[in-house]
Structure formats: C-alpha cells, structure tokens
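Read through the structure below, which is laid out as structure tokens, and then see the notes.
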Amino acid sequence: MIEAQTSGFKEIEDFYTKVAPVKEMCVFAVSGMHGVRKLKALWAIIQPDLDNFRKFGEVNLRSVIKERFDNASQSLPFNKRLKGFTITLEDLPHTQAGELNRSAVKEVYEPRVIAGKEGALPVPVELSSEDILLTESVVGTRILKCLKQQSGIRRRIIPEDSLELDLGIDSLGRIELTSALESAFSADLKVETISKAFSVKDLILGITDALRGAKDIPMEEQGISSGPDYWKENLNVLPKKETLQMIELTNGYFAWAFRFILTATDCLIFKLFFSIKVEGAENVPKQGAYILYGNHTSFLDGPAIGASLPRRPGFQIFYFVFGPYFFRPFVKSRVLRNLVKMGRFIPFDFSTHFLEALRSCYFVLKHGKGLCFFPEGLRSVTGEVGEFKKGFGILAKETGAKLVPVAIEGAHEAWPSTSKYPKCHPIRVRFGLPLLVGDLEKEGLTMGTQDPYEAICLAARKALVEIQKD
C-alpha cells in the first residue's frame with residue numbers, strides 16, 4: 001500500500017517537474033486543511049531551480065510556478081492535481097542512500113502547510129559564524145536596515161529569509177529596494193544586482209561584490225527617495241538612450257506601411273477564423289493619453305484588441321507585452337528590434353527591465369499616445385478576471401491617462417493558456433466608456449484599501465467585471 005502510494009506521488013512529481021523550473025519536489029497528502037480533519041489534499045514542497053529563474057530574469061517564484069502548474073494540471077485527473085505548494089530555498093532531506101526522505105519532509109512541512117506558513121524554516125537562536133559575519137558587516141547592517149524599513153517586519157531578518165516569500169518584496173518592491181540601497185551606499189547598484197538575489201544572503205553577497213565596481217549615482221537619479229512621490233519622481237526619469245531608440249512616436253513611411261499590413265492581416269484573421277464582433281469602438285479616445293486595459297486569458301487578447309480598434313487609434317497605440325514570451329531569444333537581432341519599434345511594442349519582464357518598461361510607457365503616454373495594457377500580468381487559467389498588479393495603478397495615477405476597460409469574450413475558448421494551438425471560436429470585444437483616474441481612486445479607497453495605487457486597481461477591475469456581465 002505504501003509502495004503504491006509512493007509510486008503515485010513520484011508519478012505526480014515527475015509530471016510537474018517537467019513543466020516548471022523545479023529542482024526537486026516532494027508530494028504528500030495533507031490532512032486537516034482549513035480545520036477539517038477528514039479533508040485531504042495533495043500538497044507539494046518545492047525547491048525551485050534558481051539557475052533557471054536567473055537565466056530568464058524571473059524573480060517572482062510563486063507566480064511563475066503557479067502559472068505553469070495550473071496550465072499543466074488541466075490534463076491530469078482531478079485526484080492527481082495539486083491543491084497547492086510550498087516553496088523552500090533549502091535542500092529537501094534525503095536518506096543516506098541519497099533518496100528523498102518523504103517522511104522527514106512531511107514531518108517538517110505538514111504542520112506549516114496546515115498553519116498556512118510560507119518561507120524559510122525556523123532557525124536556531126544562534127546563527128552560524130558565517131551568518132554572523134554577513135549580518136554584522138557594514139554592508140550587511142545597512143542592507144538589513146533597508147529591508148526592515150521596506151518590509152515592515154519587526155522580527156530579526158536572517159540570511160536564509162526569501163525576499164519574496166518571507167519579506168514580501170515583489171518585482172515592484174525590488175525597484176524601491178534598489179533606490180533605498182543606492183541611497184544607503186551612495187552608489188549606482190543597478191537593478192540587475194538586486195534582481196539576481198532570491199534570499200537575504202544572496203543580496204548581501206551580491207551587493208558586496210557590486211560595490212567594488214559601483215559608480216556614484218547619476219545626477220538624474222539623485223533625489224529619488226522612498227517617500228510619497230517616489231513613483232512620480234522615478235517615472236519622470238527618461239528611459240535609457242537605447243530604449244528611446246526603440247520608441248517611435250511619429251509615423252514614418254516604412255513604419256506606417258508595416259503597421260498597415262500588420263493591422264490588415266490581424267483584422268482578416270479575426271474575421272475569417274474567429275467571426276470577431278466589436279462593440280463600443282467609438283469609446284476609444286481619438287486623441288490624448290489613454291490606457292486600454294482588458295481581461296487576459298489567451299495569446300489572442302492583444303491581437304483581438306488590435307483588430308477591433310478604429311483606424312486612427314489603431315495606428316497610434318503602443319502595446320505593453322511580456323518580453324520573455326516573444327523577444328528574449330532574439331534580443332540581439334537588429335531586424336527584430338526594428339519590427340518591435342515599428343509595431344510599437346514595449347517588452348517587459350518582472351525583474352531587470354520592469355522599471356525601464358514602466359518609464360517607456362510613461363514616456364509615450366506623456367506624449368499623448370495610447371497604450372494597451374493587461375493589468376493581471378499573466379494569463380488567467382480559469383477565464384476569470386484575476387487581481388490587478390500594482391504597476392497598472394502606478395502608471396494610471398502618475399500619468400492621469402483615461403482608462404478604457406475592454407471585455408474580451410471567447411478568446412479563452414479559442415485559445416486557452418492550457419492549449420498549444422488555437423481553434424475557431426467566435427470572439428467579441430466590448431469597449432467601455434473612458435474612466436477618470438481620480439474617480440476610480442475615490443471609489444477604490446471606499447473598498448477597504450489605503451493605498452491609492454491599489455485603490456485604482458480595485459475600482460478599475462470592478463468596472464471591467466461589470467462590463468463582462470452586461
């Protein structure tokens with residue numbers, strides 16, 4: 001019985017390990033979830049493959065693994081799907097023979113799973129001599145002070161703490177952390193230095209190494225503090241020269257011809273294969289800065305919006321797209337750079353280039369252009385509208401651009417994130433009335449949040465969901 005159960009767990013582990021950047025994982029059945037003794041669920045303890053995350057510039061461990069797992073699990077029987085998972089940066093326990101010690105893993109982690117605890121395991125009161133040297137060094141002391149201020153954690157921060165799982169520092173938080181550390185050390189540390197760190201120990205060692213070749217903070221970056229005007233001041237910094245060369249605000253002949261062909265092909269495909277229907281296209285502003293934001297369930301969402309736009313806005317709009325999906329393998333290609341420029345794509349990722357991408361969006365909006373943005377970030381597996389990322393609220397508030405909700409129906413059925421290929425299915429795109437950021441912020445603040453950016457996200461999401469229900 002035990003051998004059969006173990007064999008079943010190994011089968012599930014092998015399946016999920018192949019679809020996500022996982023170094024090792026252990027699956028076991030958890031009893032007592034949500035206080036119900038008889039309730040059993042499959043749970044996994046995961047040690048992520050950090051080298052893979054570093055290779056692709058990813059820092060949000062949980063969201064990446066969850067998306068891969070959710071997509072893949074649709075092909076599994078319900079009784080073999082994971083209920084959830086816990087991420088650990090530590091090695092999982094093994095037997096002397098080198099095999100995974102399942103009983104030890106369950107003994108250590110099951111109580112934490114039932115209690116809803118995430119992140120590093122409790123450590124002895126006494127740190128190792130190596131950890132003491134790290135935390136008590138000049139660099140370590142300043143870093144820990146910055147981490148405490150940003151995370152708001154009162155307990156002692158230890159080297160084994162995960163920046164994401166224990167301290168709650170996401171991709172936006174890393175940008176703010178970079179500014180705080182640059183101010184603390186009066187040096188230009190670059191976002192890349194912080195993006196490569198997954199634990200506090202990684203961060204201390206990385207900053208120590210970076211300081212050896214760090215330069216003074218450039219004049220245009222100085223004076224950016226973590227105060228209430230942090231994002232306004234930060235976005236006001238011009239994108240880098242090489243980034244500006246990728247942004248085309250005017251309509252040159254070749255760029256116009258490329259966008260005409262691209263738009264015409266896009267419209268033809270959606271009319272022939274998806275019988276696309278468009279409602280409310282007249283709500284798209286003909287001039288001035290605006291953000292079209294829609295629900296995200298499929299690769300077809302962006303092209304569907306592009307095929308639905310009136311001609312003039314369609315030729316003026318920029319698209320905020322997830323770079324690793326489309327551009328990373330060809331980042332050095334001159335041809336691709338020109339196509340990205342003429343197609344008005346602003347590629348981003350959640351680590352090293354996120355701030356630069358937000359500055360690029362701010363730049364084009366301040367020049368009175370339109371922007372297509374999917375606030376959920378990643379595609380929804382269920383087809384439901386997910387939580388909006390804070391970056392959307394930041395961009396909306398600091399630019400004051402009008403927000404136009406776009407409800408996309410049928411794209412999930414035509415090409416869900418769990419499928420490799422699309423199929424013919426009717427798609428409908430509905431544009432809502434333009435919304436003012438100030439009104440959304442006021443409404444969002446009445447919904448229980450104190451953060452103005454999150455308030456905009458909450459109210460904007462509500463407006464999108466209401467259009468979907470109409």
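The way I read the labels, and the way they are meant: chains A, B, ... in the order of the structure tokens, residue 1 as the first residue of every chain, and ligand 1 as the first ligand shown, with later ones counted on from there.
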As a PDB file with N, CA and C atoms, in the first residue's frame, please: the residues near stretch 245-259 of chain A (cut-off 9 Å, only C-alpha atoms, same-chain neighbours under 5 positions excluded).
```
ATOM      1  N   LYS A 240      16.477  54.944 -20.948  1.00  0.00           N
ATOM      2  CA  LYS A 240      17.853  54.966 -21.453  1.00  0.00           C
ATOM      3  C   LYS A 240      17.872  55.269 -22.948  1.00  0.00           C
ATOM      4  N   ALA A 264      -4.077  45.054 -41.092  1.00  0.00           N
ATOM      5  CA  ALA A 264      -4.955  44.443 -42.089  1.00  0.00           C
ATOM      6  C   ALA A 264      -4.952  42.925 -41.963  1.00  0.00           C
ATOM      7  N   GLY A 314      -5.801  52.856 -33.844  1.00  0.00           N
ATOM      8  CA  GLY A 314      -5.049  51.643 -34.087  1.00  0.00           C
ATOM      9  C   GLY A 314      -3.637  51.902 -34.556  1.00  0.00           C
ATOM     10  N   PHE A 315      -3.423  53.021 -35.212  1.00  0.00           N
ATOM     11  CA  PHE A 315      -2.096  53.354 -35.703  1.00  0.00           C
ATOM     12  C   PHE A 315      -1.277  54.128 -34.667  1.00  0.00           C
ATOM     13  N   GLN A 316      -1.913  54.568 -33.590  1.00  0.00           N
ATOM     14  CA  GLN A 316      -1.223  55.370 -32.585  1.00  0.00           C
ATOM     15  C   GLN A 316      -0.885  54.591 -31.311  1.00  0.00           C
ATOM     16  N   ARG A 337      14.512  44.166 -33.498  1.00  0.00           N
ATOM     17  CA  ARG A 337      14.420  45.476 -32.832  1.00  0.00           C
ATOM     18  C   ARG A 337      13.648  46.468 -33.687  1.00  0.00           C
ATOM     19  N   ASN A 338      13.877  46.418 -34.998  1.00  0.00           N
ATOM     20  CA  ASN A 338      13.164  47.336 -35.891  1.00  0.00           C
ATOM     21  C   ASN A 338      11.682  46.985 -35.975  1.00  0.00           C
ATOM     22  N   LEU A 339      11.365  45.680 -35.975  1.00  0.00           N
ATOM     23  CA  LEU A 339       9.965  45.260 -36.005  1.00  0.00           C
ATOM     24  C   LEU A 339       9.245  45.655 -34.722  1.00  0.00           C
ATOM     25  N   VAL A 340       9.936  45.485 -33.587  1.00  0.00           N
ATOM     26  CA  VAL A 340       9.371  45.891 -32.298  1.00  0.00           C
ATOM     27  C   VAL A 340       9.104  47.387 -32.292  1.00  0.00           C
ATOM     28  N   LYS A 341      10.042  48.146 -32.856  1.00  0.00           N
ATOM     29  CA  LYS A 341       9.906  49.596 -32.904  1.00  0.00           C
ATOM     30  C   LYS A 341       8.739  50.012 -33.794  1.00  0.00           C
ATOM     31  N   MET A 342       8.659  49.450 -35.000  1.00  0.00           N
ATOM     32  CA  MET A 342       7.589  49.825 -35.929  1.00  0.00           C
ATOM     33  C   MET A 342       6.231  49.311 -35.468  1.00  0.00           C
ATOM     34  N   GLY A 343       6.222  48.154 -34.786  1.00  0.00           N
ATOM     35  CA  GLY A 343       4.968  47.621 -34.278  1.00  0.00           C
ATOM     36  C   GLY A 343       4.513  48.258 -32.989  1.00  0.00           C
ATOM     37  N   ARG A 344       5.383  49.122 -32.432  1.00  0.00           N
ATOM     38  CA  ARG A 344       5.095  49.844 -31.189  1.00  0.00           C
ATOM     39  C   ARG A 344       4.828  48.905 -30.015  1.00  0.00           C
ATOM     40  N   PHE A 345       5.722  47.941 -29.855  1.00  0.00           N
ATOM     41  CA  PHE A 345       5.685  47.035 -28.716  1.00  0.00           C
ATOM     42  C   PHE A 345       6.652  47.519 -27.652  1.00  0.00           C
ATOM     43  N   ILE A 346       6.217  47.487 -26.394  1.00  0.00           N
ATOM     44  CA  ILE A 346       7.093  47.809 -25.262  1.00  0.00           C
ATOM     45  C   ILE A 346       7.260  46.524 -24.455  1.00  0.00           C
ATOM     46  N   SER A 360       9.110  53.729 -20.113  1.00  0.00           N
ATOM     47  CA  SER A 360       8.789  53.826 -21.533  1.00  0.00           C
ATOM     48  C   SER A 360       7.292  54.080 -21.716  1.00  0.00           C
ATOM     49  N   VAL A 364       5.512  57.457 -23.452  1.00  0.00           N
ATOM     50  CA  VAL A 364       4.596  57.529 -24.599  1.00  0.00           C
ATOM     51  C   VAL A 364       3.248  58.122 -24.193  1.00  0.00           C
ATOM     52  N   HIS A 367       3.336  61.777 -24.092  1.00  0.00           N
ATOM     53  CA  HIS A 367       3.341  62.349 -25.444  1.00  0.00           C
ATOM     54  C   HIS A 367       1.981  62.165 -26.125  1.00  0.00           C
ATOM     55  N   LYS A 369      -0.064  59.494 -26.443  1.00  0.00           N
ATOM     56  CA  LYS A 369      -0.347  58.265 -27.186  1.00  0.00           C
ATOM     57  C   LYS A 369      -1.219  57.334 -26.358  1.00  0.00           C
TER      58      LYS A 369
END
```
Test item: residues at most 10 Å from stretch 439-451 of chain A, only C-alpha atoms, excluding those fewer than 3 positions along its chain, as a list in words: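 The contact residues come out as Lys390, Gly393, Lys397, Leu403, Leu435, Leu436, Glu454, Ala455, Ile456, Cys457, Leu458, Ala459, Ala460, Arg461, Lys462 and Ala463 of chain A.
Using only C-alpha atoms, the smallest distance between any of A:Ile291, A:Leu300, A:Leu268, A:Leu177 and A:Leu433 comes from A:Ile291.
Within 12 Å of stretch 72-75 of chain A there are Ile12, Glu13, Phe15, Tyr16, Thr17, Lys18, Val19, Ala20, Ile65, Lys66, Glu67, Arg68, Phe69, Asp70, Pro77, Phe78, Asn79, Lys80, Arg81, Leu82, Lys83, Gly84, Val381, Thr382, Pro416, Ser417, Thr418, Ser419 and Lys420 of chain A, counting only C-alpha atoms and ignoring same-chain residues fewer than 2 positions away.
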Deliver the residues from the most recent selection as a file, using C-alpha atoms, as a PDB file, in the first residue's frame.
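Output contents, as saved in again_28.pdb:
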```pdb
ATOM      1  CA  ILE A  12       2.868  13.311  -9.990  1.00  0.00           C
ATOM      2  CA  GLU A  13       6.281  14.775  -9.097  1.00  0.00           C
ATOM      3  CA  PHE A  15       4.827  15.291 -14.267  1.00  0.00           C
ATOM      4  CA  TYR A  16       5.026  18.690 -12.566  1.00  0.00           C
ATOM      5  CA  THR A  17       8.838  18.816 -12.576  1.00  0.00           C
ATOM      6  CA  LYS A  18       8.830  18.654 -16.368  1.00  0.00           C
ATOM      7  CA  VAL A  19       6.565  21.690 -16.812  1.00  0.00           C
ATOM      8  CA  ALA A  20       8.150  24.166 -14.373  1.00  0.00           C
ATOM      9  CA  ILE A  65       5.473  28.115 -10.875  1.00  0.00           C
ATOM     10  CA  LYS A  66       1.737  28.535 -10.212  1.00  0.00           C
ATOM     11  CA  GLU A  67       1.014  29.511 -13.806  1.00  0.00           C
ATOM     12  CA  ARG A  68       2.954  26.509 -15.151  1.00  0.00           C
ATOM     13  CA  PHE A  69       1.278  24.134 -12.693  1.00  0.00           C
ATOM     14  CA  ASP A  70      -2.216  25.497 -13.347  1.00  0.00           C
ATOM     15  CA  PRO A  77      -7.363  13.594 -13.408  1.00  0.00           C
ATOM     16  CA  PHE A  78      -8.848  15.654 -10.591  1.00  0.00           C
ATOM     17  CA  ASN A  79      -7.480  13.313  -7.901  1.00  0.00           C
ATOM     18  CA  LYS A  80      -3.901  13.862  -9.128  1.00  0.00           C
ATOM     19  CA  ARG A  81      -3.988  17.659  -9.179  1.00  0.00           C
ATOM     20  CA  LEU A  82      -2.100  19.607  -6.539  1.00  0.00           C
ATOM     21  CA  LYS A  83      -4.150  21.623  -4.083  1.00  0.00           C
ATOM     22  CA  GLY A  84      -1.191  23.906  -3.514  1.00  0.00           C
ATOM     23  CA  VAL A 381      -6.264  29.779 -16.467  1.00  0.00           C
ATOM     24  CA  THR A 382      -9.905  29.798 -15.348  1.00  0.00           C
ATOM     25  CA  PRO A 416      -6.778  28.942 -23.563  1.00  0.00           C
ATOM     26  CA  SER A 417      -3.398  29.068 -21.868  1.00  0.00           C
ATOM     27  CA  THR A 418      -3.632  25.309 -21.355  1.00  0.00           C
ATOM     28  CA  SER A 419      -3.716  24.578 -25.102  1.00  0.00           C
ATOM     29  CA  LYS A 420      -0.845  24.580 -27.596  1.00  0.00           C
TER      30      LYS A 420
END
```
Separation of atom CA of A:Gly306 from atom CA of A:Phe318, in Å and rounded to one decimal: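 That distance, rounded to one decimal, is 10.1 Å.
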Long-range neighbours of stretch 128-137 of chain A as a count of residues only, 8 Å cut-off, only C-alpha atoms, 2 positions minimum in chain: 9
Atom CA of A:Ile408 to atom CA of A:Ser275, straight-line distance in Å: 13.3 Å
Near-A:Leu292 list (9 Å; only C-alpha atoms; drop same-chain fewer than 5 positions) as a list in words: Val284, Ile305, Gly370, Leu371, Cys372, Phe373, Phe374, Lys402, Leu403, Val404, Pro405, Val406 and Phe431 of chain A
Option closest in space to A:Glu58, from A:Leu238, A:Ile194, A:Cys146, A:Leu181 [counting only C-alpha atoms]: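 Among the listed residues, the smallest separation from A:Glu58 belongs to A:Ile194.
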Shortest interatomic distance to A:Phe198 - which of A:Gly168, A:Pro313, A:Pro122, A:Gly391, counting only C-alpha atoms: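 Of A:Gly168, A:Pro313, A:Pro122, A:Gly391, the one nearest A:Phe198 is A:Gly168, counting only C-alpha atoms.
Distances here use only C-alpha atoms; by that measure, the residue among A:Gly432, A:Glu176, A:Ala304, A:Gly152 closest to A:Phe354 is A:Glu176.
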Residue neighbourhood A:Leu89, 12 Å, only C-alpha atoms, exclusion window fewer than 5 positions, as a list in words: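 Counting only the stated atoms, we get Val22, Lys23, Glu24, Met25, Ile45, Ile46, Gln47, Pro48, Asp49, Leu50, Leu61, Glu118, Gly119, Ala120, Leu121, Pro159, Glu160, Asp161, Ser162, Leu163, Glu164, Leu165, Asp166, Ala197, Phe198, Ser199, Val200, Lys201 and Asp202 of chain A.
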Straight-line distance linking atom CA of A:Val385 with atom CA of A:Ser298, stated in Å to one decimal: 12.1 Å
Expected answer as a VMD selection string: strand (DSSP E or B) residues in stretch 116-302 of chain A: chain A and resid 162 188 199 215 277 to 279 290 to 294 298
In stretch 292-450 of chain A, DSSP alpha helix (DSSP H) residues written as JSON, numbers by chain: {"A": [301, 302, 303, 304, 305, 306, 307, 308, 311, 312, 313, 314, 315, 316, 323, 324, 325, 326, 334, 335, 336, 337, 338, 339, 340, 341, 342, 343, 354, 355, 356, 357, 358, 359, 360, 361, 362, 363, 364, 365, 366, 390, 391, 392, 393, 394, 395, 396, 397, 398, 399, 411, 412, 413, 414, 437, 438, 439, 440, 441, 442, 443, 444, 445]}
Contact residues around A:Leu378 with only C-alpha atoms at 8 Å, ignoring same-chain residues under 2 positions, as an MDAnalysis selection string: chainID A and resid 67 296 376 380
